[in-house]
>>> print(open('query-v6.pdb').read())   # PDB, C-alpha atoms and all ligand atoms
ATOM      1  CA  MET A  27      13.505  -7.557  10.566
ATOM      2  CA  ILE A  28      13.137  -5.765   7.253
ATOM      3  CA  LEU A  29      14.417  -8.033   4.501
ATOM      4  CA  PRO A  30      16.061  -6.895   1.262
ATOM      5  CA  ILE A  31      13.778  -7.210  -1.778
ATOM      6  CA  LEU A  32      14.985  -8.622  -5.079
ATOM      7  CA  ASN A  33      14.453  -6.295  -8.008
ATOM      8  CA  TYR A  34      13.472  -7.063 -11.569
ATOM      9  CA  PRO A  35      15.200  -8.387 -13.703
ATOM     10  CA  ASP A  36      16.990 -10.444 -11.007
ATOM     11  CA  LYS A  37      16.941 -14.095 -12.139
ATOM     12  CA  ARG A  38      16.253 -15.315  -8.595
ATOM     13  CA  LEU A  39      12.719 -13.905  -9.018
ATOM     14  CA  ARG A  40      12.232 -16.742 -11.533
ATOM     15  CA  THR A  41      12.755 -19.466  -8.918
ATOM     16  CA  LYS A  42       9.809 -21.794  -8.267
ATOM     17  CA  ALA A  43       9.043 -21.839  -4.543
ATOM     18  CA  LYS A  44       9.065 -25.133  -2.660
ATOM     19  CA  HIS A  45       6.099 -26.586  -0.783
ATOM     20  CA  VAL A  46       6.275 -25.974   2.979
ATOM     21  CA  ASN A  47       6.181 -29.325   4.791
ATOM     22  CA  VAL A  48       6.132 -28.124   8.382
ATOM     23  CA  VAL A  49       4.946 -24.736   9.644
ATOM     24  CA  ASP A  50       7.591 -24.263  12.311
ATOM     25  CA  GLU A  51       9.268 -21.332  14.037
ATOM     26  CA  THR A  52      11.506 -20.649  11.038
ATOM     27  CA  ILE A  53       8.427 -20.192   8.820
ATOM     28  CA  GLN A  54       6.688 -18.063  11.457
ATOM     29  CA  THR A  55       9.738 -15.801  11.718
ATOM     30  CA  LEU A  56       9.824 -15.518   7.941
ATOM     31  CA  ILE A  57       6.130 -14.504   7.937
ATOM     32  CA  LYS A  58       6.718 -11.895  10.649
ATOM     33  CA  ASP A  59       9.683 -10.450   8.724
ATOM     34  CA  MET A  60       7.694 -10.457   5.479
ATOM     35  CA  PHE A  61       4.859  -8.450   7.057
ATOM     36  CA  GLU A  62       7.386  -6.005   8.510
ATOM     37  CA  THR A  63       9.071  -5.650   5.111
ATOM     38  CA  MET A  64       5.767  -5.234   3.267
ATOM     39  CA  TYR A  65       4.523  -2.509   5.639
ATOM     40  CA  ALA A  66       7.868  -0.703   5.552
ATOM     41  CA  LYS A  67       7.690  -0.575   1.746
ATOM     42  CA  ASP A  68       3.981   0.342   1.520
ATOM     43  CA  GLY A  69       3.159  -2.921  -0.180
ATOM     44  CA  ILE A  70      -0.194  -4.702  -0.217
ATOM     45  CA  GLY A  71       1.364  -8.101  -0.827
ATOM     46  CA  LEU A  72       4.706  -9.847  -0.657
ATOM     47  CA  ALA A  73       5.818 -13.317  -1.693
ATOM     48  CA  ALA A  74       8.774 -15.128  -0.104
ATOM     49  CA  THR A  75      10.371 -15.305  -3.560
ATOM     50  CA  GLN A  76      10.813 -11.524  -3.455
ATOM     51  CA  VAL A  77      12.953 -11.760  -0.311
ATOM     52  CA  ASP A  78      14.989 -14.616  -1.816
ATOM     53  CA  GLN A  79      13.319 -17.319   0.309
ATOM     54  CA  HIS A  80      12.024 -19.908  -2.089
ATOM     55  CA  LEU A  81       9.179 -21.357  -0.053
ATOM     56  CA  GLN A  82       5.438 -21.157  -0.778
ATOM     57  CA  VAL A  83       4.682 -18.346   1.646
ATOM     58  CA  MET A  84       2.970 -15.039   0.891
ATOM     59  CA  VAL A  85       1.451 -12.200   2.872
ATOM     60  CA  VAL A  86      -1.274  -9.750   1.870
ATOM     61  CA  ASP A  87      -2.856  -6.734   3.535
ATOM     62  CA  MET A  88      -5.463  -5.034   1.418
ATOM     63  CA  PRO A  89      -6.550  -1.426   1.919
ATOM     64  CA  ASP A  90     -10.275  -1.053   2.524
ATOM     65  CA  SER A  91     -10.944   1.153  -0.456
ATOM     66  CA  GLN A  92      -9.674   1.968  -3.909
ATOM     67  CA  ASP A  93      -8.642   5.438  -2.628
ATOM     68  CA  ASP A  94      -6.425   3.917   0.058
ATOM     69  CA  TYR A  95      -4.851   1.693  -2.578
ATOM     70  CA  GLN A  96      -4.037   4.617  -4.873
ATOM     71  CA  LEU A  97      -2.565   6.462  -1.896
ATOM     72  CA  LEU A  98      -0.336   3.468  -1.160
ATOM     73  CA  LEU A  99       0.930   3.396  -4.744
ATOM     74  CA  LYS A 100       1.704   7.114  -4.517
ATOM     75  CA  ASN A 101       3.407   6.760  -1.138
ATOM     76  CA  ARG A 102       5.650   4.046  -2.501
ATOM     77  CA  GLN A 103       7.276   6.548  -4.841
ATOM     78  CA  ASP A 104       7.706   9.129  -2.111
ATOM     79  CA  GLU A 105      10.682   8.670   0.219
ATOM     80  CA  SER A 106       9.095  10.728   2.979
ATOM     81  CA  HIS A 107       5.958   8.581   3.243
ATOM     82  CA  LYS A 108       4.230   7.694   6.468
ATOM     83  CA  GLN A 109       3.801   4.108   7.572
ATOM     84  CA  PRO A 110       0.525   2.719   6.164
ATOM     85  CA  PRO A 111      -2.135   1.552   8.594
ATOM     86  CA  LYS A 112      -2.570  -2.184   8.976
ATOM     87  CA  HIS A 113      -5.939  -3.436   7.756
ATOM     88  CA  HIS A 114      -6.474  -7.162   7.343
ATOM     89  CA  PRO A 115      -3.178  -9.049   7.497
ATOM     90  CA  LEU A 116      -3.481 -12.383   5.704
ATOM     91  CA  CYS A 117      -0.834 -15.063   5.409
ATOM     92  CA  PHE A 118      -0.936 -17.936   2.916
ATOM     93  CA  ILE A 119       1.265 -21.034   3.071
ATOM     94  CA  ASN A 120       1.134 -23.481   0.128
ATOM     95  CA  PRO A 121      -1.718 -21.491  -1.505
ATOM     96  CA  LYS A 122      -3.767 -23.080  -4.276
ATOM     97  CA  ILE A 123      -6.477 -21.491  -6.375
ATOM     98  CA  LYS A 124      -9.464 -23.816  -6.348
ATOM     99  CA  GLU A 125     -11.877 -21.707  -8.422
ATOM    100  CA  LYS A 126     -11.518 -18.775 -10.786
ATOM    101  CA  ASN A 127     -14.289 -16.698 -12.347
ATOM    102  CA  GLY A 128     -14.768 -13.545 -14.354
ATOM    103  CA  GLN A 129     -12.196 -11.108 -15.655
ATOM    104  CA  GLU A 130     -11.047  -7.708 -14.564
ATOM    105  CA  LYS A 131      -8.348  -5.328 -15.772
ATOM    106  CA  HIS A 132      -6.484  -3.543 -13.042
ATOM    107  CA  THR A 133      -3.386  -1.394 -12.697
ATOM    108  CA  GLU A 134      -0.762  -3.354 -10.816
ATOM    109  CA  GLY A 135       2.518  -2.493  -9.229
ATOM    110  CA  CYS A 136       5.127  -4.646  -7.524
ATOM    111  CA  LEU A 137       7.776  -4.021  -4.871
ATOM    112  CA  SER A 138      10.217  -5.928  -7.107
ATOM    113  CA  VAL A 139       9.470  -3.678 -10.094
ATOM    114  CA  PRO A 140       9.697  -0.211  -8.519
ATOM    115  CA  TYR A 141       8.514   2.887 -10.370
ATOM    116  CA  PHE A 142       6.431   0.896 -12.837
ATOM    117  CA  GLN A 143       2.732   0.133 -13.091
ATOM    118  CA  ALA A 144       0.688  -1.542 -15.795
ATOM    119  CA  GLU A 145      -2.768  -2.906 -16.483
ATOM    120  CA  VAL A 146      -3.125  -6.651 -16.193
ATOM    121  CA  GLN A 147      -6.174  -8.832 -16.740
ATOM    122  CA  ARG A 148      -6.969 -11.440 -14.128
ATOM    123  CA  ALA A 149      -9.919 -13.356 -12.666
ATOM    124  CA  ASN A 150     -12.066 -11.124 -10.447
ATOM    125  CA  HIS A 151     -13.365 -13.894  -8.240
ATOM    126  CA  ILE A 152     -11.266 -16.693  -6.794
ATOM    127  CA  LYS A 153     -11.446 -19.335  -4.140
ATOM    128  CA  VAL A 154      -8.076 -20.023  -2.565
ATOM    129  CA  GLU A 155      -7.019 -22.739  -0.156
ATOM    130  CA  ALA A 156      -3.919 -22.440   2.014
ATOM    131  CA  LEU A 157      -2.454 -22.977   5.468
ATOM    132  CA  ASN A 158      -2.321 -20.111   7.950
ATOM    133  CA  GLU A 159       0.654 -19.257  10.185
ATOM    134  CA  LYS A 160      -0.478 -21.944  12.641
ATOM    135  CA  GLY A 161      -0.466 -24.593   9.919
ATOM    136  CA  GLU A 162      -4.289 -24.803   9.767
ATOM    137  CA  VAL A 163      -6.106 -25.195   6.447
ATOM    138  CA  PHE A 164      -8.424 -22.370   5.428
ATOM    139  CA  THR A 165     -10.311 -21.360   2.304
ATOM    140  CA  LEU A 166     -10.981 -17.806   1.279
ATOM    141  CA  GLN A 167     -13.325 -16.378  -1.340
ATOM    142  CA  ALA A 168     -11.906 -13.174  -2.711
ATOM    143  CA  THR A 169     -13.169 -10.632  -5.224
ATOM    144  CA  GLY A 170     -11.853  -7.453  -6.834
ATOM    145  CA  LEU A 171      -8.534  -6.064  -5.685
ATOM    146  CA  LEU A 172      -7.952  -8.761  -3.056
ATOM    147  CA  ALA A 173      -8.455 -11.488  -5.671
ATOM    148  CA  ILE A 174      -6.047  -9.714  -8.008
ATOM    149  CA  CYS A 175      -3.427  -9.284  -5.300
ATOM    150  CA  ILE A 176      -3.596 -12.958  -4.302
ATOM    151  CA  GLN A 177      -3.146 -14.022  -7.944
ATOM    152  CA  HIS A 178      -0.206 -11.607  -8.315
ATOM    153  CA  GLU A 179       1.547 -12.995  -5.205
ATOM    154  CA  LEU A 180       0.813 -16.582  -6.185
ATOM    155  CA  ASP A 181       2.473 -15.896  -9.532
ATOM    156  CA  HIS A 182       5.644 -14.812  -7.694
ATOM    157  CA  LEU A 183       5.815 -18.251  -6.063
ATOM    158  CA  LYS A 184       5.834 -19.742  -9.580
ATOM    159  CA  GLY A 185       8.530 -17.338 -10.777
ATOM    160  CA  ILE A 186       6.063 -15.222 -12.767
ATOM    161  CA  LEU A 187       6.006 -11.400 -12.687
ATOM    162  CA  PHE A 188       3.097  -9.168 -13.701
ATOM    163  CA  VAL A 189       5.255  -7.649 -16.431
ATOM    164  CA  ASP A 190       5.322 -11.073 -18.136
ATOM    165  CA  TYR A 191       1.736 -10.394 -19.235
ATOM    166  CA  LEU A 192       2.710  -7.265 -21.166
ATOM    167  CA  SER A 193       3.544  -7.153 -24.859
ATOM    168  CA  LYS A 194       7.134  -7.982 -25.871
ATOM    169  CA  LEU A 195       7.642  -4.340 -26.875
ATOM    170  CA  LYS A 196       6.535  -3.023 -23.489
ATOM    171  CA  GLN A 197       8.751  -5.571 -21.731
ATOM    172  CA  GLU A 198      11.771  -4.489 -23.789
ATOM    173  CA  ARG A 199      11.115  -0.831 -22.967
ATOM    174  CA  LEU A 200      10.823  -1.629 -19.264
ATOM    175  CA  LEU A 201      14.088  -3.574 -19.361
ATOM    176  CA  GLU A 202      15.862  -0.637 -21.034
ATOM    177  CA  LYS A 203      14.429   1.806 -18.505
ATOM    178  CA  THR A 204      15.455  -0.462 -15.617
ATOM    179  CA  LYS A 205      19.015  -0.784 -16.956
ATOM    180  CA  LYS A 206      19.320   2.993 -17.287
ATOM    181  CA  MET A 207      18.108   3.533 -13.732
ATOM    182  CA  THR A 208      20.375   0.926 -12.141
ATOM    183  CA  ASN A 209      23.405   2.195 -14.055
ATOM    184  CA  GLY A 210      22.755   5.597 -12.531
TER     185      GLY A 210
HETATM  186 NI    NI B 301       4.808  -8.332  -6.813
END
>>> encode(input="query-v6.pdb", output="C-alpha cells")
Amino acid sequence: MILPILNYPDKRLRTKAKHVNVVDETIQTLIKDMFETMYAKDGIGLAATQVDQHLQVMVVDMPDSQDDYQLLLKNRQDESHKQPPKHHPLCFINPKIKEKNGQEKHTEGCLSVPYFQAEVQRANHIKVEALNEKGEVFTLQATGLLAICIQHELDHLKGILFVDYLSKLKQERLLEKTKKMTNG
C-alpha cells in the first residue's frame, strides 16, 4: 500500500520516533508499505516519520552510481516518470550510528520537501547498528552517498530535516516558497 507522505513544514515531521520493542507483523507490514511508497515516489530513502508512523523504522535503496542518483532526482520532478529499478533494499529498525568519520558535502533532496535540493555536510563514513525486518541485529559500514542517506533518514526519526542545516535566510526563503506553492 502506498502511504501518504507528510510535507514540510508539517509539524508531525518534528516528532521523535519511538524505539521498536518487538518486530512483529505490524512492523513488517509497515516496512513493506514504506518500500512500496519509496519506490513509487522515486526515493532512495524513507523514514517512518514521513508516513506519520512514529517508530524507529527506515528503508533505503541506493542507486549503484552517481548518474543513477541524479536520474532519480530528475524523475522525481517529472510526473510521467518510470518506476526506478530496485537495487539493494535495506531496512533499519532502531538504527544507531556507532562510528562517524570524515566529511563530505552533497546535494540532498527529500520526499517531504518536494522541489527543493540543497548541499549539506555530513560524515562520509559511518558504522550503523540496527535490527533487520526479522528482528536480527546487524552492523553496516557505509561510505559516500549511502552513508549520507542513512544519516538523512536517521535524522527524520529524531524530527530533524536536512533543511535545518541551512542558513536562517535560506530556510525563510524555502518557507515562503512552500507557502506560495501550497496556496496555489
Ligand atoms: Ni528525507
>>> axis_aligned_box(input="query-v6.pdb", around="segment 167-180 of chain A", padding_each_side="3 Å", output="JSON")
{"center_x": -5.9, "center_y": -11.3, "center_z": -4.8, "size_x": 20.9, "size_y": 16.5, "size_z": 13.0}
>>> resolve_selection(input="query-v6.pdb", expression="the PyMOL selection byres (((not hetatm)) within 8 of (chain B and resi 301))", output="CSV table (one decimal) with C-alpha atoms, in the coordinates of the input")
chain,number,residue,atom,x,y,z
A,71,GLY,CA,1.4,-8.1,-0.8
A,72,LEU,CA,4.7,-9.8,-0.7
A,73,ALA,CA,5.8,-13.3,-1.7
A,76,GLN,CA,10.8,-11.5,-3.5
A,135,GLY,CA,2.5,-2.5,-9.2
A,136,CYS,CA,5.1,-4.6,-7.5
A,137,LEU,CA,7.8,-4.0,-4.9
A,138,SER,CA,10.2,-5.9,-7.1
A,139,VAL,CA,9.5,-3.7,-10.1
A,178,HIS,CA,-0.2,-11.6,-8.3
A,179,GLU,CA,1.5,-13.0,-5.2
A,182,HIS,CA,5.6,-14.8,-7.7
A,187,LEU,CA,6.0,-11.4,-12.7
A,188,PHE,CA,3.1,-9.2,-13.7
>>> atom_distance(input="query-v6.pdb", atom1="atom CA of Met60 of chain A", atom2="atom CA of Glu202 of chain A")
29.4 Å
>>> residues_near_point(input="query-v6.pdb", point="(0.1, -25.0, 6.7)", cutoff="6 Å", atoms="all atoms listed in the file", output="JSON, numbers by chain")
{"A": [49, 119, 157, 158, 161, 162]}
>>> atom_distance(input="query-v6.pdb", atom1="atom CA of Lys37 of chain A", atom2="atom CA of Leu195 of chain A")
20.0 Å
>>> resolve_selection(input="query-v6.pdb", expression="the PyMOL selection byres (((chain A and resi 28) around 9) and not hetatm)", output="PyMOL selection string")
chain A and resi 27+29-30+59-64+66
>>> residues_around(input="query-v6.pdb", residues="segment 145-149 of chain A", least_positions_apart="2", cutoff="10 Å", atoms="all atoms listed in the file", output="list of chain:residue names")
A:Glu125, A:Lys126, A:Asn127, A:Gly128, A:Gln129, A:Glu130, A:Lys131, A:His132, A:Thr133, A:Glu134, A:Gly135, A:Gln143, A:His151, A:Ile152, A:Thr169, A:Gly170, A:Ala173, A:Ile174, A:Cys175, A:Gln177, A:His178, A:Phe188, A:Val189, A:Asp190, A:Tyr191, A:Leu192
>>> atom_distance(input="query-v6.pdb", atom1="atom CA of Phe164 of chain A", atom2="atom CA of Met84 of chain A")
14.3 Å
>>> residues_around(input="query-v6.pdb", residues="Leu201 of chain A", least_positions_apart="3", cutoff="12 Å", atoms="all atoms listed in the file", output="MDAnalysis selection string")
chainID A and resid 33:36 139 142 189:190 194:198 204:208
>>> write_last_selection(input="query-v6.pdb", atoms="C-alpha atoms", output="short mmCIF file (atom, residue, chain, number, x, y, z; two decimals), in the frame of the given file")
data_model
loop_
_atom_site.label_atom_id
_atom_site.label_comp_id
_atom_site.auth_asym_id
_atom_site.auth_seq_id
_atom_site.Cartn_x
_atom_site.Cartn_y
_atom_site.Cartn_z
CA ASN A 33 14.45 -6.30 -8.01
CA TYR A 34 13.47 -7.06 -11.57
CA PRO A 35 15.20 -8.39 -13.70
CA ASP A 36 16.99 -10.44 -11.01
CA VAL A 139 9.47 -3.68 -10.09
CA PHE A 142 6.43 0.90 -12.84
CA VAL A 189 5.26 -7.65 -16.43
CA ASP A 190 5.32 -11.07 -18.14
CA LYS A 194 7.13 -7.98 -25.87
CA LEU A 195 7.64 -4.34 -26.88
CA LYS A 196 6.54 -3.02 -23.49
CA GLN A 197 8.75 -5.57 -21.73
CA GLU A 198 11.77 -4.49 -23.79
CA THR A 204 15.46 -0.46 -15.62
CA LYS A 205 19.02 -0.78 -16.96
CA LYS A 206 19.32 2.99 -17.29
CA MET A 207 18.11 3.53 -13.73
CA THR A 208 20.38 0.93 -12.14
#
>>> closest_residue(input="query-v6.pdb", among="A:Leu56, A:Leu32, A:Ala43, A:Ala168", to="Leu180 of chain A", atoms="only C-alpha atoms")
A:Ala43
>>> resolve_selection(input="query-v6.pdb", expression="the PyMOL selection byres (((chain A and resi 116) around 9) and not hetatm)", output="number ranges by chain")
A: 84-88, 114-115, 117-118, 158
>>> build_atoms(input="query-v6.pdb", residues="segment 177-188 of chain A", atoms="all heavy atoms", output="PDB file, keeping the file's coordinate frame")
ATOM      1  N   GLN A 177      -3.643 -13.407  -6.707  1.00  0.00           N
ATOM      2  CA  GLN A 177      -3.146 -14.022  -7.944  1.00  0.00           C
ATOM      3  C   GLN A 177      -1.744 -13.512  -8.291  1.00  0.00           C
ATOM      4  O   GLN A 177      -0.888 -14.273  -8.745  1.00  0.00           O
ATOM      5  CB  GLN A 177      -4.109 -13.736  -9.096  1.00  0.00           C
ATOM      6  CG  GLN A 177      -5.435 -14.474  -8.956  1.00  0.00           C
ATOM      7  CD  GLN A 177      -6.465 -13.983  -9.968  1.00  0.00           C
ATOM      8  OE1 GLN A 177      -6.501 -14.463 -11.094  1.00  0.00           O
ATOM      9  NE2 GLN A 177      -7.294 -13.033  -9.591  1.00  0.00           N
ATOM     10  N   HIS A 178      -1.512 -12.220  -8.056  1.00  0.00           N
ATOM     11  CA  HIS A 178      -0.206 -11.607  -8.315  1.00  0.00           C
ATOM     12  C   HIS A 178       0.874 -12.254  -7.434  1.00  0.00           C
ATOM     13  O   HIS A 178       1.938 -12.625  -7.916  1.00  0.00           O
ATOM     14  CB  HIS A 178      -0.318 -10.094  -8.050  1.00  0.00           C
ATOM     15  CG  HIS A 178       0.963  -9.331  -8.139  1.00  0.00           C
ATOM     16  ND1 HIS A 178       1.162  -8.312  -9.048  1.00  0.00           N
ATOM     17  CD2 HIS A 178       2.111  -9.413  -7.416  1.00  0.00           C
ATOM     18  CE1 HIS A 178       2.385  -7.821  -8.883  1.00  0.00           C
ATOM     19  NE2 HIS A 178       2.977  -8.461  -7.889  1.00  0.00           N
ATOM     20  N   GLU A 179       0.567 -12.413  -6.135  1.00  0.00           N
ATOM     21  CA  GLU A 179       1.547 -12.995  -5.205  1.00  0.00           C
ATOM     22  C   GLU A 179       1.782 -14.473  -5.502  1.00  0.00           C
ATOM     23  O   GLU A 179       2.902 -14.953  -5.428  1.00  0.00           O
ATOM     24  CB  GLU A 179       1.090 -12.809  -3.748  1.00  0.00           C
ATOM     25  CG  GLU A 179       0.889 -11.370  -3.302  1.00  0.00           C
ATOM     26  CD  GLU A 179       2.025 -10.435  -3.665  1.00  0.00           C
ATOM     27  OE1 GLU A 179       3.189 -10.871  -3.704  1.00  0.00           O
ATOM     28  OE2 GLU A 179       1.735  -9.258  -3.941  1.00  0.00           O
ATOM     29  N   LEU A 180       0.688 -15.162  -5.848  1.00  0.00           N
ATOM     30  CA  LEU A 180       0.813 -16.582  -6.185  1.00  0.00           C
ATOM     31  C   LEU A 180       1.696 -16.783  -7.415  1.00  0.00           C
ATOM     32  O   LEU A 180       2.472 -17.732  -7.490  1.00  0.00           O
ATOM     33  CB  LEU A 180      -0.579 -17.171  -6.417  1.00  0.00           C
ATOM     34  CG  LEU A 180      -0.867 -18.435  -5.616  1.00  0.00           C
ATOM     35  CD1 LEU A 180      -2.333 -18.580  -5.322  1.00  0.00           C
ATOM     36  CD2 LEU A 180      -0.358 -19.656  -6.350  1.00  0.00           C
ATOM     37  N   ASP A 181       1.606 -15.866  -8.350  1.00  0.00           N
ATOM     38  CA  ASP A 181       2.473 -15.896  -9.532  1.00  0.00           C
ATOM     39  C   ASP A 181       3.945 -15.823  -9.124  1.00  0.00           C
ATOM     40  O   ASP A 181       4.777 -16.543  -9.667  1.00  0.00           O
ATOM     41  CB  ASP A 181       2.159 -14.705 -10.454  1.00  0.00           C
ATOM     42  CG  ASP A 181       1.107 -15.028 -11.508  1.00  0.00           C
ATOM     43  OD1 ASP A 181       0.639 -16.186 -11.555  1.00  0.00           O
ATOM     44  OD2 ASP A 181       0.755 -14.116 -12.294  1.00  0.00           O
ATOM     45  N   HIS A 182       4.257 -14.942  -8.163  1.00  0.00           N
ATOM     46  CA  HIS A 182       5.644 -14.812  -7.694  1.00  0.00           C
ATOM     47  C   HIS A 182       6.202 -16.168  -7.267  1.00  0.00           C
ATOM     48  O   HIS A 182       7.355 -16.493  -7.543  1.00  0.00           O
ATOM     49  CB  HIS A 182       5.719 -13.869  -6.489  1.00  0.00           C
ATOM     50  CG  HIS A 182       5.824 -12.415  -6.844  1.00  0.00           C
ATOM     51  ND1 HIS A 182       6.843 -11.906  -7.610  1.00  0.00           N
ATOM     52  CD2 HIS A 182       5.054 -11.356  -6.491  1.00  0.00           C
ATOM     53  CE1 HIS A 182       6.678 -10.582  -7.726  1.00  0.00           C
ATOM     54  NE2 HIS A 182       5.591 -10.234  -7.071  1.00  0.00           N
ATOM     55  N   LEU A 183       5.368 -16.947  -6.568  1.00  0.00           N
ATOM     56  CA  LEU A 183       5.815 -18.251  -6.063  1.00  0.00           C
ATOM     57  C   LEU A 183       6.109 -19.224  -7.203  1.00  0.00           C
ATOM     58  O   LEU A 183       6.792 -20.215  -7.025  1.00  0.00           O
ATOM     59  CB  LEU A 183       4.774 -18.852  -5.109  1.00  0.00           C
ATOM     60  CG  LEU A 183       4.434 -18.021  -3.856  1.00  0.00           C
ATOM     61  CD1 LEU A 183       3.372 -18.719  -3.017  1.00  0.00           C
ATOM     62  CD2 LEU A 183       5.676 -17.756  -3.003  1.00  0.00           C
ATOM     63  N   LYS A 184       5.572 -18.910  -8.393  1.00  0.00           N
ATOM     64  CA  LYS A 184       5.834 -19.742  -9.580  1.00  0.00           C
ATOM     65  C   LYS A 184       6.925 -19.131 -10.448  1.00  0.00           C
ATOM     66  O   LYS A 184       7.199 -19.615 -11.551  1.00  0.00           O
ATOM     67  CB  LYS A 184       4.549 -19.876 -10.411  1.00  0.00           C
ATOM     68  CG  LYS A 184       3.437 -20.596  -9.698  1.00  0.00           C
ATOM     69  CD  LYS A 184       2.164 -20.553 -10.558  1.00  0.00           C
ATOM     70  CE  LYS A 184       0.976 -21.115  -9.817  1.00  0.00           C
ATOM     71  NZ  LYS A 184      -0.286 -20.697 -10.453  1.00  0.00           N
ATOM     72  N   GLY A 185       7.482 -18.008  -9.999  1.00  0.00           N
ATOM     73  CA  GLY A 185       8.530 -17.338 -10.777  1.00  0.00           C
ATOM     74  C   GLY A 185       7.991 -16.430 -11.871  1.00  0.00           C
ATOM     75  O   GLY A 185       8.700 -16.062 -12.796  1.00  0.00           O
ATOM     76  N   ILE A 186       6.708 -16.072 -11.752  1.00  0.00           N
ATOM     77  CA  ILE A 186       6.063 -15.222 -12.767  1.00  0.00           C
ATOM     78  C   ILE A 186       5.906 -13.798 -12.225  1.00  0.00           C
ATOM     79  O   ILE A 186       5.520 -13.611 -11.064  1.00  0.00           O
ATOM     80  CB  ILE A 186       4.674 -15.798 -13.150  1.00  0.00           C
ATOM     81  CG1 ILE A 186       4.817 -17.214 -13.723  1.00  0.00           C
ATOM     82  CG2 ILE A 186       3.954 -14.881 -14.139  1.00  0.00           C
ATOM     83  CD1 ILE A 186       3.503 -17.983 -13.824  1.00  0.00           C
ATOM     84  N   LEU A 187       6.198 -12.804 -13.061  1.00  0.00           N
ATOM     85  CA  LEU A 187       6.006 -11.400 -12.687  1.00  0.00           C
ATOM     86  C   LEU A 187       4.877 -10.789 -13.507  1.00  0.00           C
ATOM     87  O   LEU A 187       4.618 -11.242 -14.628  1.00  0.00           O
ATOM     88  CB  LEU A 187       7.294 -10.607 -12.947  1.00  0.00           C
ATOM     89  CG  LEU A 187       8.507 -11.014 -12.106  1.00  0.00           C
ATOM     90  CD1 LEU A 187       9.742 -10.303 -12.618  1.00  0.00           C
ATOM     91  CD2 LEU A 187       8.289 -10.694 -10.640  1.00  0.00           C
ATOM     92  N   PHE A 188       4.235  -9.754 -12.975  1.00  0.00           N
ATOM     93  CA  PHE A 188       3.097  -9.168 -13.701  1.00  0.00           C
ATOM     94  C   PHE A 188       3.521  -8.591 -15.051  1.00  0.00           C
ATOM     95  O   PHE A 188       2.732  -8.542 -15.985  1.00  0.00           O
ATOM     96  CB  PHE A 188       2.360  -8.123 -12.843  1.00  0.00           C
ATOM     97  CG  PHE A 188       2.984  -6.756 -12.756  1.00  0.00           C
ATOM     98  CD1 PHE A 188       2.468  -5.691 -13.483  1.00  0.00           C
ATOM     99  CD2 PHE A 188       4.082  -6.528 -11.956  1.00  0.00           C
ATOM    100  CE1 PHE A 188       3.033  -4.426 -13.406  1.00  0.00           C
ATOM    101  CE2 PHE A 188       4.666  -5.268 -11.875  1.00  0.00           C
ATOM    102  CZ  PHE A 188       4.141  -4.219 -12.595  1.00  0.00           C
TER     103      PHE A 188
END
